[in-house]
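A.B. asks: Input file: my_file03.csv. Contents: CSV, C-alpha atoms and all ligand atoms.
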chain,number,residue,atom,x,y,z
I,591,MET,CA,-40.2,14.1,-127.8
I,592,SER,CA,-40.8,13.8,-131.5
I,593,ILE,CA,-43.8,15.6,-133.0
I,594,ASP,CA,-46.0,13.8,-135.5
I,595,ILE,CA,-49.2,15.9,-135.5
I,596,ALA,CA,-50.0,18.9,-137.7
I,597,VAL,CA,-52.8,21.4,-138.0
I,598,ILE,CA,-53.5,22.8,-141.4
I,599,PRO,CA,-55.8,25.8,-141.5
I,600,VAL,CA,-57.7,26.0,-144.8
I,601,ALA,CA,-60.8,27.9,-143.8
I,602,GLY,CA,-60.0,31.3,-145.4
I,603,HIS,CA,-62.2,32.6,-148.2
I,604,GLY,CA,-59.4,33.3,-150.8
I,605,THR,CA,-61.0,36.6,-151.8
I,606,ARG,CA,-57.8,38.0,-153.3
I,607,LEU,CA,-58.0,35.2,-155.9
I,608,LEU,CA,-61.5,35.8,-157.1
I,609,PRO,CA,-63.1,34.7,-159.4
I,610,SER,CA,-60.9,31.5,-159.3
I,611,THR,CA,-61.9,30.8,-155.7
I,612,LYS,CA,-65.6,31.5,-156.0
I,613,SER,CA,-66.5,27.8,-155.9
I,614,GLN,CA,-63.2,26.1,-155.2
I,615,PRO,CA,-60.8,26.4,-152.3
I,616,LYS,CA,-57.6,28.4,-153.1
I,617,GLU,CA,-55.7,25.4,-151.5
I,618,MET,CA,-56.9,23.3,-154.5
I,619,LEU,CA,-55.5,25.6,-157.2
I,620,PRO,CA,-52.9,23.8,-159.2
I,621,VAL,CA,-49.3,24.9,-159.0
I,622,GLY,CA,-47.7,23.0,-161.9
I,623,ARG,CA,-49.3,19.5,-161.8
I,624,LYS,CA,-50.6,19.3,-158.2
I,625,PRO,CA,-52.9,21.3,-156.0
I,626,VAL,CA,-51.3,23.5,-153.4
I,627,VAL,CA,-52.5,21.5,-150.4
I,628,GLN,CA,-50.9,18.3,-151.8
I,629,TYR,CA,-47.5,20.0,-151.6
I,630,VAL,CA,-48.2,21.0,-148.0
I,631,VAL,CA,-49.0,17.4,-147.1
I,632,GLU,CA,-46.0,16.0,-149.0
I,633,GLU,CA,-43.8,18.4,-147.0
I,634,LEU,CA,-45.4,17.2,-143.8
I,635,ALA,CA,-44.9,13.6,-144.7
I,636,LEU,CA,-41.3,14.2,-145.6
I,637,ASN,CA,-40.8,15.8,-142.1
I,638,GLY,CA,-42.2,12.9,-140.1
I,639,ILE,CA,-45.7,14.1,-139.6
I,640,ARG,CA,-48.2,11.2,-139.4
I,641,ARG,CA,-51.4,12.9,-138.4
I,642,SER,CA,-52.9,15.9,-140.1
I,643,MET,CA,-56.0,17.9,-139.0
I,644,PHE,CA,-57.5,20.3,-141.5
I,645,ILE,CA,-59.5,23.2,-140.2
I,646,THR,CA,-62.0,23.7,-143.0
I,647,GLY,CA,-64.9,25.9,-143.7
I,648,PRO,CA,-67.7,26.3,-146.3
I,649,GLY,CA,-66.9,25.1,-149.8
I,650,LYS,CA,-63.8,23.1,-148.8
I,651,THR,CA,-65.0,19.5,-149.2
I,652,SER,CA,-62.9,19.0,-152.4
I,653,ILE,CA,-59.8,19.0,-150.1
I,654,GLU,CA,-61.2,16.0,-148.2
I,655,ASN,CA,-62.0,14.3,-151.5
I,656,HIS,CA,-58.5,14.8,-152.7
I,657,PHE,CA,-57.0,12.9,-149.8
I,658,ASP,CA,-59.5,10.0,-150.0
I,659,TRP,CA,-58.4,6.7,-151.3
I,660,ASP,CA,-60.3,6.4,-154.7
I,661,ASP,CA,-60.7,2.6,-155.4
I,662,GLU,CA,-63.0,3.3,-158.3
I,663,LEU,CA,-60.5,5.5,-160.1
I,664,ILE,CA,-57.7,3.1,-159.4
I,665,SER,CA,-59.6,0.1,-160.9
I,666,TYR,CA,-60.7,2.3,-163.9
I,667,LEU,CA,-57.0,3.2,-164.6
I,668,ARG,CA,-56.1,-0.5,-164.3
I,669,THR,CA,-58.9,-1.9,-166.5
I,670,THR,CA,-58.3,0.7,-169.2
I,671,GLY,CA,-54.5,0.0,-169.4
I,672,ARG,CA,-53.4,3.2,-167.8
I,673,GLU,CA,-51.3,1.7,-165.0
I,674,ASP,CA,-48.6,4.3,-165.6
I,675,GLN,CA,-51.0,7.0,-164.3
I,676,LEU,CA,-51.3,5.2,-161.0
I,677,GLN,CA,-48.1,6.9,-159.9
I,678,ASP,CA,-50.0,10.2,-159.9
I,679,LEU,CA,-52.1,8.8,-157.1
I,680,GLU,CA,-49.1,7.6,-155.0
I,681,TYR,CA,-49.8,10.4,-152.5
I,682,GLU,CA,-53.0,8.5,-151.5
I,683,ARG,CA,-50.7,5.9,-149.9
I,684,PHE,CA,-48.8,8.3,-147.6
I,685,ASP,CA,-48.4,7.0,-144.1
I,686,MET,CA,-50.8,9.7,-142.8
I,687,GLU,CA,-54.0,9.9,-140.9
I,688,TYR,CA,-56.4,12.7,-141.8
I,689,ALA,CA,-58.9,14.5,-139.7
I,690,TYR,CA,-61.2,17.4,-140.6
I,691,THR,CA,-63.1,19.8,-138.4
I,692,ARG,CA,-64.9,23.0,-139.4
I,693,GLN,CA,-64.2,26.4,-138.1
I,694,ARG,CA,-67.9,27.3,-137.8
I,695,ARG,CA,-67.4,31.0,-137.5
I,696,GLN,CA,-64.7,33.0,-139.4
I,697,LEU,CA,-63.0,34.6,-136.4
I,698,GLY,CA,-59.4,34.5,-137.6
I,699,LEU,CA,-56.3,32.3,-137.9
I,700,GLY,CA,-55.9,32.1,-134.1
I,701,HIS,CA,-59.4,30.9,-133.7
I,702,ALA,CA,-58.9,28.4,-136.5
I,703,VAL,CA,-55.9,26.9,-134.6
I,704,LEU,CA,-58.0,26.8,-131.4
I,705,CYS,CA,-60.6,24.6,-133.2
I,706,ALA,CA,-57.9,21.9,-133.3
I,707,GLN,CA,-57.6,21.7,-129.5
I,708,PRO,CA,-60.0,18.7,-129.0
I,709,PHE,CA,-57.9,16.7,-131.5
I,710,VAL,CA,-54.4,17.8,-130.4
I,711,ARG,CA,-55.1,18.0,-126.7
I,712,ASN,CA,-52.0,18.0,-124.6
I,713,GLN,CA,-49.3,17.5,-127.3
I,714,PRO,CA,-46.9,19.7,-129.1
I,715,PHE,CA,-47.8,20.2,-132.7
I,716,VAL,CA,-47.0,21.8,-136.1
I,717,VAL,CA,-49.1,24.4,-137.8
I,718,ALA,CA,-48.7,24.6,-141.6
I,719,LEU,CA,-50.8,27.2,-143.4
I,720,GLY,CA,-52.5,25.4,-146.3
I,721,ASP,CA,-51.9,28.2,-148.9
I,722,SER,CA,-48.1,28.3,-148.7
I,723,ILE,CA,-45.6,25.9,-150.2
I,724,ILE,CA,-42.1,26.0,-148.8
I,725,GLY,CA,-39.3,25.4,-151.3
I,726,LEU,CA,-39.4,24.5,-154.9
I,727,HIS,CA,-41.6,21.4,-155.3
I,728,ALA,CA,-42.0,21.4,-151.4
I,729,LYS,CA,-38.5,19.9,-150.9
I,730,SER,CA,-37.9,21.5,-147.4
I,731,ASN,CA,-36.8,20.1,-144.1
I,732,ILE,CA,-37.7,23.3,-142.2
I,733,ILE,CA,-40.3,21.6,-140.1
I,734,GLN,CA,-37.8,19.0,-138.9
I,735,ARG,CA,-35.3,21.7,-138.1
I,736,MET,CA,-38.0,23.6,-136.2
I,737,ILE,CA,-38.9,20.4,-134.2
I,738,ASP,CA,-35.2,19.9,-133.4
I,739,GLU,CA,-35.1,23.5,-132.0
I,740,TYR,CA,-38.4,22.9,-130.0
I,741,ASP,CA,-36.9,19.7,-128.5
I,742,ARG,CA,-33.8,21.5,-127.3
I,743,SER,CA,-35.4,22.9,-124.2
I,744,ASP,CA,-38.5,22.5,-122.1
I,745,ASP,CA,-39.0,26.3,-121.8
I,746,ILE,CA,-39.5,26.8,-125.5
I,747,HIS,CA,-43.2,27.0,-126.4
I,748,ALA,CA,-43.2,28.4,-129.9
I,749,VAL,CA,-40.8,28.0,-132.9
I,750,VAL,CA,-41.7,30.2,-135.9
I,751,ALA,CA,-40.3,30.1,-139.4
I,752,PHE,CA,-39.3,33.5,-140.9
I,753,GLU,CA,-38.1,34.9,-144.2
I,754,PRO,CA,-36.8,38.4,-145.0
I,755,VAL,CA,-39.2,40.5,-147.1
I,756,PRO,CA,-38.7,43.9,-148.8
I,757,LYS,CA,-39.4,46.6,-146.2
I,758,GLU,CA,-42.5,47.8,-148.0
I,759,HIS,CA,-44.1,44.4,-147.6
I,760,VAL,CA,-43.9,44.2,-143.8
I,761,THR,CA,-47.6,45.4,-143.7
I,762,ARG,CA,-48.7,42.0,-145.0
I,763,TYR,CA,-47.2,39.7,-142.4
I,764,GLY,CA,-46.4,38.9,-138.8
I,765,ILE,CA,-43.0,40.6,-138.2
I,766,ALA,CA,-40.3,39.4,-135.7
I,767,LYS,CA,-38.6,41.5,-133.1
I,768,PRO,CA,-35.5,39.4,-132.6
I,769,HIS,CA,-33.6,39.5,-129.3
I,770,GLY,CA,-30.1,40.5,-130.2
I,771,ASP,CA,-28.6,39.6,-133.6
I,772,THR,CA,-30.5,37.6,-136.2
I,773,ALA,CA,-28.6,34.5,-136.9
I,774,ASP,CA,-30.3,31.6,-138.7
I,775,VAL,CA,-31.8,30.6,-135.3
I,776,PHE,CA,-32.7,33.4,-132.9
I,777,GLU,CA,-34.5,34.2,-129.7
I,778,LEU,CA,-37.9,35.9,-130.3
I,779,GLU,CA,-38.5,39.0,-128.2
I,780,ASP,CA,-41.8,40.0,-129.7
I,781,LEU,CA,-43.9,39.6,-132.8
I,782,ILE,CA,-46.2,42.2,-134.4
I,783,GLU,CA,-49.1,41.4,-136.8
I,784,LYS,CA,-49.0,43.4,-140.0
I,785,PRO,CA,-47.2,46.5,-138.6
I,786,SER,CA,-46.8,49.8,-140.6
I,787,VAL,CA,-43.4,50.2,-142.3
I,788,ASP,CA,-42.4,52.6,-139.5
I,789,GLU,CA,-43.5,50.3,-136.6
I,790,ALA,CA,-41.9,47.2,-138.1
I,791,PRO,CA,-39.1,46.0,-135.7
I,792,SER,CA,-37.3,44.0,-138.6
I,793,ASN,CA,-38.1,42.7,-142.1
I,794,LEU,CA,-38.4,39.1,-141.0
I,795,ALA,CA,-41.9,37.9,-141.9
I,796,VAL,CA,-43.7,34.8,-140.4
I,797,ALA,CA,-43.4,32.2,-143.2
I,798,ALA,CA,-46.5,30.0,-142.6
I,799,ARG,CA,-44.9,27.3,-140.5
I,800,TYR,CA,-45.0,27.1,-136.6
I,801,VAL,CA,-44.3,24.6,-133.9
I,802,PHE,CA,-46.2,25.0,-130.6
I,803,SER,CA,-46.5,23.5,-127.2
I,804,PRO,CA,-50.2,23.0,-126.0
I,805,GLU,CA,-49.7,26.2,-124.0
I,806,ILE,CA,-50.7,28.1,-127.2
I,807,PHE,CA,-54.3,27.0,-126.6
I,808,ASN,CA,-54.4,28.8,-123.2
I,809,ALA,CA,-52.9,31.9,-124.9
I,810,LEU,CA,-55.5,31.7,-127.7
I,811,GLU,CA,-58.3,31.5,-125.3
I,812,GLN,CA,-57.2,34.7,-123.7
I,813,THR,CA,-56.4,36.5,-127.0
I,814,GLU,CA,-58.8,39.4,-127.8
I,815,PRO,CA,-59.6,40.2,-131.4
I,816,GLY,CA,-56.7,42.2,-133.0
I,817,LYS,CA,-55.9,43.3,-136.6
I,818,GLY,CA,-59.0,43.2,-138.8
I,819,GLY,CA,-61.1,42.4,-135.7
I,820,GLU,CA,-59.8,38.8,-135.9
I,821,ILE,CA,-58.3,36.5,-133.2
I,822,GLN,CA,-54.7,36.5,-134.4
I,823,LEU,CA,-52.2,33.7,-133.9
I,824,THR,CA,-49.5,36.3,-133.8
I,825,ASP,CA,-51.1,37.9,-130.8
I,826,ALA,CA,-51.3,34.6,-128.9
I,827,ILE,CA,-47.6,34.0,-129.5
I,828,ARG,CA,-47.0,37.5,-128.2
I,829,LEU,CA,-49.0,36.6,-125.0
I,830,LEU,CA,-46.8,33.5,-124.5
I,831,LEU,CA,-43.6,35.6,-124.9
I,832,SER,CA,-44.8,38.3,-122.5
I,833,SER,CA,-45.6,35.7,-119.9
I,834,GLY,CA,-42.0,34.6,-119.9
I,835,ARG,CA,-42.3,31.6,-122.3
I,836,ARG,CA,-39.5,31.3,-124.8
I,837,GLY,CA,-40.1,31.6,-128.5
I,838,ILE,CA,-37.5,30.8,-131.2
I,839,GLY,CA,-37.3,32.2,-134.7
I,840,ILE,CA,-35.7,30.2,-137.5
I,841,ARG,CA,-35.0,31.5,-141.0
I,842,LEU,CA,-35.8,29.6,-144.2
I,843,SER,CA,-32.7,28.9,-146.1
I,844,GLU,CA,-32.1,30.5,-149.5
I,845,ALA,CA,-33.4,27.3,-151.2
I,846,GLU,CA,-36.6,27.3,-149.2
I,847,ARG,CA,-38.4,30.3,-150.5
I,848,ARG,CA,-42.1,30.5,-149.5
I,849,PHE,CA,-44.5,30.3,-152.4
I,850,ASP,CA,-47.6,32.2,-151.2
I,851,ILE,CA,-50.8,31.2,-153.0
I,852,GLY,CA,-52.8,34.0,-151.5
I,853,ASN,CA,-52.6,36.6,-154.3
I,854,PHE,CA,-52.3,36.5,-158.1
I,855,THR,CA,-48.7,37.9,-158.3
I,856,SER,CA,-47.2,35.3,-156.1
I,857,TYR,CA,-49.5,32.5,-157.4
I,858,PHE,CA,-48.3,33.3,-161.0
I,859,HIS,CA,-44.7,33.3,-159.8
I,860,ALA,CA,-45.2,29.9,-158.2
I,861,PHE,CA,-47.0,28.3,-161.1
I,862,THR,CA,-44.5,29.5,-163.6
I,863,GLU,CA,-41.5,28.3,-161.6
I,864,PHE,CA,-43.0,24.9,-160.8
I,865,ALA,CA,-44.1,24.4,-164.4
I,866,LEU,CA,-40.7,25.5,-165.9
I,867,THR,CA,-38.9,23.0,-163.6
I,868,ASP,CA,-41.3,20.1,-164.2
I,869,PRO,CA,-39.0,17.2,-165.1
I,870,GLU,CA,-41.3,16.0,-167.9
I,871,TYR,CA,-43.0,19.2,-169.2
I,872,GLY,CA,-40.4,21.8,-168.2
I,873,PRO,CA,-37.9,21.6,-171.1
I,874,GLU,CA,-40.6,22.0,-173.8
I,875,LEU,CA,-42.3,24.8,-171.8
I,876,ARG,CA,-39.0,26.7,-171.5
I,877,ASP,CA,-38.7,26.7,-175.3
I,878,TYR,CA,-42.3,27.8,-175.6
I,879,VAL,CA,-41.9,30.7,-173.2
I,880,ARG,CA,-38.6,31.7,-174.7
I,881,GLY,CA,-40.3,31.9,-178.1
I,882,LEU,CA,-43.1,34.1,-176.6
I,883,LEU,CA,-40.7,36.5,-175.0
I,884,GLU,CA,-38.6,36.8,-178.2
I,885,ASP,CA,-41.6,37.9,-180.3
E,901,LIG,C1,-51.1,35.0,-141.7
E,901,LIG,C2,-50.5,35.4,-140.4
E,901,LIG,C3,-49.3,36.3,-140.6
E,901,LIG,C4,-48.3,35.5,-141.5
E,901,LIG,C5,-49.0,35.1,-142.8
E,901,LIG,C6,-48.0,34.2,-143.7
E,901,LIG,O1,-51.6,36.1,-142.4
E,901,LIG,O2,-51.5,36.1,-139.7
E,901,LIG,O3,-48.7,36.6,-139.4
E,901,LIG,O4,-47.1,36.3,-141.8
E,901,LIG,O5,-50.1,34.3,-142.6
E,901,LIG,O6,-47.5,33.2,-143.0
E,901,LIG,P1,-52.7,36.1,-143.6
E,901,LIG,O7,-51.9,35.7,-144.9
E,901,LIG,O8,-53.7,35.0,-143.2
E,901,LIG,O9,-53.3,37.4,-143.7
Output the file's structure as structure tokens, nothing else.
C.D. replies:
Amino acid sequence: MSIDIAVIPVAGHGTRLLPSTKSQPKEMLPVGRKPVVQYVVEELALNGIRRSMFITGPGKTSIENHFDWDDELISYLRTTGREDQLQDLEYERFDMEYAYTRQRRQLGLGHAVLCAQPFVRNQPFVVALGDSIIGLHAKSNIIQRMIDEYDRSDDIHAVVAFEPVPKEHVTRYGIAKPHGDTADVFELEDLIEKPSVDEAPSNLAVAARYVFSPEIFNALEQTEPGKGGEIQLTDAIRLLLSSGRRGIGIRLSEAERRFDIGNFTSYFHAFTEFALTDPEYGPELRDYVRGLLED
């Protein structure tokens, strides 16, 4: 059964990116020419998703505005002879339905996903975290590969994307305990949210993309607050695994690095790399940066 529905949690405060995120969502920060969340939706559209539900929170309405069809702007560009700029609004025409709901209390990522239950109901679905871009310019088919794995067997209830991280960074992520060896696709034995370096069962970190059966909602309802006092999605997956449901891990390929727009270091990396590889502005920017570095 093919999956065409995605849940995009965007309710987080973005405190690690203050002051930039004081009055705008981190998901609307530009990376090169486009806001982060547009790349996420482009990736979803490329992977066959046709319905997206955003889990929003206070101060996030600009995300909704961004995906609205703006007739006024289109006719303004036409009447002022700027037709060539209409291509920048092509994404408004994606074959995608949008829905928005608010996470009315900030109780964690697991709770945010649970807020999608009335929309998703009894269907399998994708979760794509709204602050992470997968692959340069979001050219990734990881979600399609994850859906293919999910479709392989009825007893699979979670497929999670992973990428290796330096050992000292395991404290920032959900970390996999693979069953047996870690090929590109592997059986998940367990998952630990933000372990210490010593506790970490591997260096494979959850990379912001998931596929779930609706069973995850039952698990989330039973999940107690965990790390940081929040209802963790990782803990709900753990509950699925401990009750005998199968979970699959799948590694991002080398070309599919995750660009995390959750802190300034990785945001700067992402912006620099996307701008330097922009087909129109990249070549001139490379010369400019080269000049700066030679001084
Ligand atoms: C969340 C998840 C974590 C995952 C990370 C990146 O953490 O809880 O398991 O590794 O996203 O996908 P956060 O960045 O919200 O602290």
A.B. asks: I'd like the contact shell of Leu663 of chain I - 12 Å cut-off, all atoms listed in the file, skipping same-chain residues fewer than 3 positions apart - returned as a PyMOL selection string.
C.D. replies: chain I and resi 658-660+666-670+672-673+675-676+678-679+682
A.B. asks: Would you list the residues that come within 10 Å of ligand LIG 901 (chain E)? Count only C-alpha atoms and all ligand atoms and give the answer as a ChimeraX atom specification.
C.D. replies: /I:599-600,602,604,698-700,718-722,750-753,760-766,781-784,794-800,817-818,820-825,848,850-853
A.B. asks: Could you tell me how far atom CA of Tyr688 of chain I lies from atom CA of Phe644 of chain I, in Å and to one decimal?
C.D. replies: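 Separating atom CA of Tyr688 of chain I from atom CA of Phe644 of chain I is a distance of 7.7 Å.
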A.B. asks: When you count only C-alpha atoms, which of these residues is closest to His727 of chain I: I:Val621, I:Leu882, I:Val775, I:Ala596?
C.D. replies: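 Distance minimum relative to His727 of chain I lands on I:Val621.
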A.B. asks: I:Ile593, I:Gln677, I:His603, I:Ile827: which is nearest Leu778 of chain I, counting all atoms listed in the file?
C.D. replies: I:Ile827
A.B. asks: Return as a Markdown table the residues of segment 602-687 of chain I lying at most 12 Å from segment 854-873 of chain I, together with the closest atom-to-atom pair for each and the distance in Å to one decimal, counting all atoms listed in the file, with rows in chain order and ascending residue number.
C.D. replies:
| residue | atom | partner | partner_atom | distance |
| --- | --- | --- | --- | --- |
| I:Gly604 | CA | I:Phe854 | CA | 10.7 |
| I:Thr605 | CA | I:Phe854 | CA | 10.7 |
| I:Arg606 | CA | I:Phe854 | CA | 7.5 |
| I:Leu607 | CA | I:Phe854 | CA | 6.2 |
| I:Leu608 | CA | I:Phe854 | CA | 9.3 |
| I:Pro609 | CA | I:Phe854 | CA | 11.0 |
| I:Ser610 | CA | I:Phe854 | CA | 10.0 |
| I:Thr611 | CA | I:Phe854 | CA | 11.4 |
| I:Lys616 | CA | I:Tyr857 | CA | 10.0 |
| I:Glu617 | CA | I:Tyr857 | CA | 11.1 |
| I:Leu619 | CA | I:Tyr857 | CA | 9.1 |
| I:Pro620 | CA | I:Phe861 | CA | 7.7 |
| I:Val621 | CA | I:Phe861 | CA | 4.6 |
| I:Gly622 | CA | I:Ala865 | CA | 4.6 |
| I:Arg623 | CA | I:Ala865 | CA | 7.6 |
| I:Lys624 | CA | I:Phe864 | CA | 9.8 |
| I:Pro625 | CA | I:Phe861 | CA | 10.5 |
| I:Val626 | CA | I:Tyr857 | CA | 10.0 |
| I:Tyr629 | CA | I:Phe864 | CA | 11.4 |
A.B. asks: Restrict the selected residues to C-alpha atoms and save them as an mmCIF file, keeping the file's coordinate frame.
C.D. replies:
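Resulting contents of selection-v7.cif:
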data_model
loop_
_atom_site.group_PDB
_atom_site.id
_atom_site.type_symbol
_atom_site.label_atom_id
_atom_site.label_comp_id
_atom_site.auth_asym_id
_atom_site.auth_seq_id
_atom_site.Cartn_x
_atom_site.Cartn_y
_atom_site.Cartn_z
ATOM 1 C CA GLY I 604 -59.400 33.300 -150.800
ATOM 2 C CA THR I 605 -61.000 36.600 -151.800
ATOM 3 C CA ARG I 606 -57.800 38.000 -153.300
ATOM 4 C CA LEU I 607 -58.000 35.200 -155.900
ATOM 5 C CA LEU I 608 -61.500 35.800 -157.100
ATOM 6 C CA PRO I 609 -63.100 34.700 -159.400
ATOM 7 C CA SER I 610 -60.900 31.500 -159.300
ATOM 8 C CA THR I 611 -61.900 30.800 -155.700
ATOM 9 C CA LYS I 616 -57.600 28.400 -153.100
ATOM 10 C CA GLU I 617 -55.700 25.400 -151.500
ATOM 11 C CA LEU I 619 -55.500 25.600 -157.200
ATOM 12 C CA PRO I 620 -52.900 23.800 -159.200
ATOM 13 C CA VAL I 621 -49.300 24.900 -159.000
ATOM 14 C CA GLY I 622 -47.700 23.000 -161.900
ATOM 15 C CA ARG I 623 -49.300 19.500 -161.800
ATOM 16 C CA LYS I 624 -50.600 19.300 -158.200
ATOM 17 C CA PRO I 625 -52.900 21.300 -156.000
ATOM 18 C CA VAL I 626 -51.300 23.500 -153.400
ATOM 19 C CA TYR I 629 -47.500 20.000 -151.600
#
A.B. asks: How would you write as a list of chain:residue names the residues that get within 12 Å of (-43.3, 12.3, -142.7) in the file's frame, counting all atoms listed in the file?
C.D. replies: I:Ser592, I:Ile593, I:Asp594, I:Ile595, I:Ala596, I:Val630, I:Val631, I:Glu632, I:Glu633, I:Leu634, I:Ala635, I:Leu636, I:Asn637, I:Gly638, I:Ile639, I:Arg640, I:Arg641, I:Ser642, I:Tyr681, I:Phe684, I:Asp685, I:Met686, I:Glu687, I:Ser730, I:Asn731, I:Ile733, I:Gln734
A.B. asks: Compare I:His701, I:Arg836, I:Lys757, I:His656 by their minimum atom-to-atom distance to Thr813 of chain I, counting all atoms listed in the file, and give me the closest one.
C.D. replies: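 Result for the nearest residue to Thr813 of chain I: I:His701.
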A.B. asks: Rank nothing, just name the residue among I:Leu697, I:Ala826, I:Ala689, I:Ile838 nearest to Ala748 of chain I, using only C-alpha atoms.
C.D. replies: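 Among the listed residues, the smallest separation from Ala748 of chain I belongs to I:Ile838.
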A.B. asks: Please compute the atom CA of Tyr740 of chain I-atom CA of Val801 of chain I distance, one decimal, in Å.
C.D. replies: 7.3 Å
A.B. asks: What does the distance from atom CA of Asp780 of chain I to atom CA of Ser803 of chain I come to in Å, to one decimal?
C.D. replies: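 Straight-line distance from atom CA of Asp780 of chain I to atom CA of Ser803 of chain I works out to 17.3 Å.
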A.B. asks: If you count only C-alpha atoms, which residues fall within 6 Å of Phe802 of chain I, apart from same-chain ones fewer than 3 positions away, as a list in words?
C.D. replies: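 Using only C-alpha atoms, the neighbours found are Pro714, Phe715, His747 and Ala748 of chain I.
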A.B. asks: Using C-alpha atoms, can you write the selected residues to a file as an mmCIF file, in the coordinates of the input?
C.D. replies:
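Generated file (selection-v8.cif):
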data_model
loop_
_atom_site.group_PDB
_atom_site.id
_atom_site.type_symbol
_atom_site.label_atom_id
_atom_site.label_comp_id
_atom_site.auth_asym_id
_atom_site.auth_seq_id
_atom_site.Cartn_x
_atom_site.Cartn_y
_atom_site.Cartn_z
ATOM 1 C CA PRO I 714 -46.900 19.700 -129.100
ATOM 2 C CA PHE I 715 -47.800 20.200 -132.700
ATOM 3 C CA HIS I 747 -43.200 27.000 -126.400
ATOM 4 C CA ALA I 748 -43.200 28.400 -129.900
#
A.B. asks: Tell me which protein, DNA and RNA residues are within 10 Å of Glu758 of chain I, counting only C-alpha atoms, leaving out same-chain ones fewer than 5 positions away, and put them as a ChimeraX atom specification.
C.D. replies: /I:786-788,790,793
A.B. asks: In terms of the shortest atom-to-atom distance over all atoms listed in the file, which of I:Lys650, I:Lys612, I:Arg835, I:His769 is closest to Thr691 of chain I?
C.D. replies: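 Selected residue with least distance to Thr691 of chain I: I:Lys650.
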A.B. asks: Contacts of Gly649 of chain I at 7 Å or less, counting only C-alpha atoms, minus same-chain residues fewer than 5 places along, as a PyMOL selection string?
C.D. replies: chain I and resi 613-615
A.B. asks: May I have the selected residues written with C-alpha atoms, as a PDB file, in the frame of the given file?
C.D. replies:
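Final output, out_34.pdb:
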ATOM      1  CA  SER I 613     -66.500  27.800-155.900  1.00  0.00           C
ATOM      2  CA  GLN I 614     -63.200  26.100-155.200  1.00  0.00           C
ATOM      3  CA  PRO I 615     -60.800  26.400-152.300  1.00  0.00           C
TER       4      PRO I 615
END
A.B. asks: Taking the structure in the block just given, could you write segment 744-755 of chain I with N, CA and C atoms, as a short mmCIF file (atom, residue, chain, number, x, y, z; two decimals), in the first residue's frame?
C.D. replies:
data_model
loop_
_atom_site.label_atom_id
_atom_site.label_comp_id
_atom_site.auth_asym_id
_atom_site.auth_seq_id
_atom_site.Cartn_x
_atom_site.Cartn_y
_atom_site.Cartn_z
N ASP I 744 3.99 -6.96 6.62
CA ASP I 744 2.93 -6.43 7.49
C ASP I 744 3.36 -6.27 8.94
N ASP I 745 4.44 -6.97 9.35
CA ASP I 745 4.81 -6.85 10.76
C ASP I 745 5.80 -5.71 11.03
N ILE I 746 6.10 -4.92 9.98
CA ILE I 746 6.96 -3.74 10.19
C ILE I 746 6.07 -2.55 10.55
N HIS I 747 6.38 -1.90 11.69
CA HIS I 747 5.54 -0.78 12.15
C HIS I 747 6.29 0.55 12.20
N ALA I 748 7.61 0.50 12.02
CA ALA I 748 8.39 1.75 12.00
C ALA I 748 9.60 1.56 11.09
N VAL I 749 9.85 2.57 10.27
CA VAL I 749 11.10 2.61 9.49
C VAL I 749 11.72 3.97 9.80
N VAL I 750 12.98 3.95 10.21
CA VAL I 750 13.61 5.18 10.67
C VAL I 750 14.91 5.40 9.88
N ALA I 751 15.14 6.66 9.44
CA ALA I 751 16.37 6.99 8.72
C ALA I 751 17.48 7.32 9.73
N PHE I 752 18.69 6.87 9.43
CA PHE I 752 19.83 7.12 10.32
C PHE I 752 21.02 7.62 9.54
N GLU I 753 21.86 8.39 10.25
CA GLU I 753 23.17 8.72 9.68
C GLU I 753 24.22 8.61 10.78
N PRO I 754 25.44 8.16 10.41
CA PRO I 754 26.48 8.07 11.42
C PRO I 754 26.91 9.47 11.87
N VAL I 755 27.16 9.63 13.16
CA VAL I 755 27.65 10.92 13.68
C VAL I 755 28.92 10.65 14.49
#
